[in-house]
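S.K.: This is the structure, below, for whatever I ask next.
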Amino acid sequence: MGNADYVIRVSEAPSAVNASAWDALLFSQSHPTPFMRHAYLAALHDSGSATPATGWRPHFFTLHQGAELAGACVVYLKDHSYGEYVFDWAWASAYEQHGLPYYPKAVIAVPFTPVPGSRLLAKDAHARAALTQAVQRWCAEQHISSAHMLFGAEADLQATDSAHWMQRHTVQFHWHNRAEGYADFDDFLASLNQEKRKKIKQERRKVTEAGVQFRHSRGAEISPEDWAFFYRCYANTYREHGNPPYLTPDFFQRMATQLPEHWLLFVAERDGQPIASSLIAIGAASMSADGTFEPQHRVAYGRYWGAMEQVDCLHFEACYYQPLAWCIANGYRRFEGGAQGEHKMARALLPTRTSSAHWLQHPAFADAVQRFLEREGDGIAQYLEHLEHRSPLKQSP
């Protein structure tokens, strides 16, 4: 495929794409995340976590101008809607009721990762528009019912909007450091209203009184034993909910060896024995000479957690308070708590609108979904307004 400006190629394996060129393009975007690194996507594929066998058939789209990589994205063909966090089961059911195939559908996303960020990697708006058109044209040619770009950055949404894709909004909860940075965790607590401040202190006290202590390790400092213990916790959490874990042990082994700089592990111990852990992703693109991320890229992402014992409030300590204290101590600007979870507001993670874009090939279904999204969008706007009135922060006089 191609047009007057670009040569467009579609490959079914990450190994067919130059890793350095992909990452260089990612690092030039407005909203890069570790989860769009070539090594991260390759690890999902090579570890057997996101493959055709698990319902994720990858297609790497690349736009070339001569020797230059001008645009790139990964499109997964899917036979289900698991691991996406933007729910379209009702759409699939409506198609089925009318005798039409909804699957396979195309998804521009990072598997199992509801983190907002750049999805359509491009050197400029023209290339991003060409990339969007290439994906849409390919879906039409392959008789794919629909294309869905999940948790895209603003530039991605502008490109899909110009191509008449429909936008859908959801709500996540993110913590933001103040402009000058909190001095410490107590300084952060002082910014909250009395009720929330008291609640957090009570929750932390319960964990301390249970005899639980925490230690953390970053990057190459995370030992193989700690990685192995983390996976036991991670898999145990999935089994407790009746599901097999999405990610394989080999995936995390690849993270430990190929992208260690992006990981921070907290381990909870009691009587010298590990009982729980939480894994946080950190940073985005460029690093300074001392190995830390540049200030604008100091972002942390809550990702995985698990426990081998039940301790009251341990989840809050492992997944919120320990990471927030670390972010404050290390000058991080933002901590993203992941999908859903209104309870996070009580821990000072504030509501943030996230957006996706959707294209449906069938005109009648596209019209019906557009009307649904307009109603849903009004509801999301009202929900955000409602949440803002419940802010845990002290009100200005």
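The way I read the labels, and the way they are meant: chains A, B, ... in the order of the structure tokens, residue 1 as the first residue of every chain, and ligand 1 as the first ligand shown, with later ones counted on from there.
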Do a neighbour search on region 248-258 of chain A at 8 Å with only C-alpha atoms, toss out local chain neighbours closer than 6 positions, and write the hits as an MDAnalysis selection string.

M.R.: chainID A and resid 39:40 43:44 46:49 219:220 222 227 231

S.K.: Report as a PyMOL selection string: the residues of region 10-163 of chain A with a DSSP assignment of strand (DSSP E or B), based on the backbone of this structure.

M.R.: chain A and resi 10-11+56-65+68-78+105-108+117+121-122+146-149+152

S.K.: Would you list the contacts of region 274-277 of chain A as a VMD selection string, taking every protein, DNA or RNA residue within 7 Å and counting only C-alpha atoms, but skipping same-chain residues closer than 5 positions in sequence?

M.R.: chain A and resid 230 233 266 to 269 305 to 309 318

S.K.: Using DSSP on the backbone coordinates, identify all residues within region 140-268 of chain A classified as helix (DSSP H, G or I); present the result as a count of residues only.

M.R.: 65

S.K.: Leaving out Ala67 (chain A) and any residue of its chain fewer than 4 positions from it, which residues lie within 12 Å of it when counting only C-alpha atoms, given as JSON, numbers by chain?

M.R.: {"A": [6, 7, 18, 21, 62, 63]}

S.K.: Return the single residue from A:Gly71, A:Pro224, A:Gly211, A:Pro351 that is closest to Asp156 (chain A), with distances computed using only C-alpha atoms.

M.R.: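 Under the stated criterion, the closest residue is A:Gly71.
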
S.K.: I'd like to know which of A:Tyr301, A:Ala72, A:Pro32, A:Gly55 is closest to Ala19 (chain A), using only C-alpha atoms.

M.R.: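 When distances to Ala19 (chain A) are compared using only C-alpha atoms, the smallest one comes from A:Ala72.
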
S.K.: Need to verify the contact set: Leu324 (chain A), 9 Å, only C-alpha atoms, exclusion of same-chain residues closer than 4 positions in sequence. Can you return it as a list in words?

M.R.: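 Neighbouring residues, sequence-local ones excluded: Trp175, Phe185, Cys319, Tyr320, Ile328, Ala329, Tyr332 and Phe335 of chain A.
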
S.K.: May I have the residues from that selection written out with C-alpha atoms, as a PDB file, in the first residue's frame?

M.R.:
ATOM      1  CA  TRP A 175      -2.403  11.808  41.370  1.00  0.00           C
ATOM      2  CA  PHE A 185       4.315  12.516  52.528  1.00  0.00           C
ATOM      3  CA  CYS A 319      -0.557   0.232  45.611  1.00  0.00           C
ATOM      4  CA  TYR A 320      -0.992   3.888  46.629  1.00  0.00           C
ATOM      5  CA  ILE A 328       7.291  12.635  46.213  1.00  0.00           C
ATOM      6  CA  ALA A 329      10.798  11.708  47.319  1.00  0.00           C
ATOM      7  CA  TYR A 332       7.783  12.522  40.043  1.00  0.00           C
ATOM      8  CA  PHE A 335       1.013   8.782  39.361  1.00  0.00           C
TER       9      PHE A 335
END

S.K.: Could you give me, as a list in words, the residues within 10 Å of Asp378 (chain A), counting only C-alpha atoms and dropping anything in the same chain fewer than 5 positions from it?

M.R.: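 Here the qualifying residues turn out to be His169, Leu373 and Tyr383 of chain A.
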
S.K.: Residues within 9 Å of Gln370 (chain A), please, as a list in words. Count only C-alpha atoms; anything in the same chain fewer than 5 positions from it doesn't count.

M.R.: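 The residues that qualify are Met166, Gln167, Phe365 and Arg375 of chain A.
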
S.K.: When you count only C-alpha atoms, which of these residues is closest to Gly117 (chain A): A:Ser223, A:Thr208, A:Gln382, A:Ser356?

M.R.: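 Checking each of A:Ser223, A:Thr208, A:Gln382, A:Ser356 against Gly117 (chain A), counting only C-alpha atoms, the winner is A:Ser356.
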
S.K.: Please, what distance in Å, to one decimal, runs between CA of Asp5 (chain A) and CA of Arg137 (chain A)?

M.R.: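 Pair CA of Asp5 (chain A) / CA of Arg137 (chain A) returns 16.2 Å.
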
S.K.: Under the rule that only C-alpha atoms are counted, which of A:Ala364, A:Cys313, A:Ser11, A:Leu26 is the nearest residue to Val212 (chain A)?

M.R.: A:Cys313

S.K.: Using only C-alpha atoms, which of A:Thr160, A:Ser93, A:Thr354, A:Asn243 sits nearest Glu336 (chain A)?

M.R.: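 Using only C-alpha atoms, Glu336 (chain A) sits closest to A:Thr354.
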
S.K.: Looking at only C-alpha atoms, which of A:Glu96, A:Glu374, A:Asp184, A:Asp271 is the one that sits closest to Cys327 (chain A)?

M.R.: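 Under the stated criterion, the closest residue is A:Asp184.
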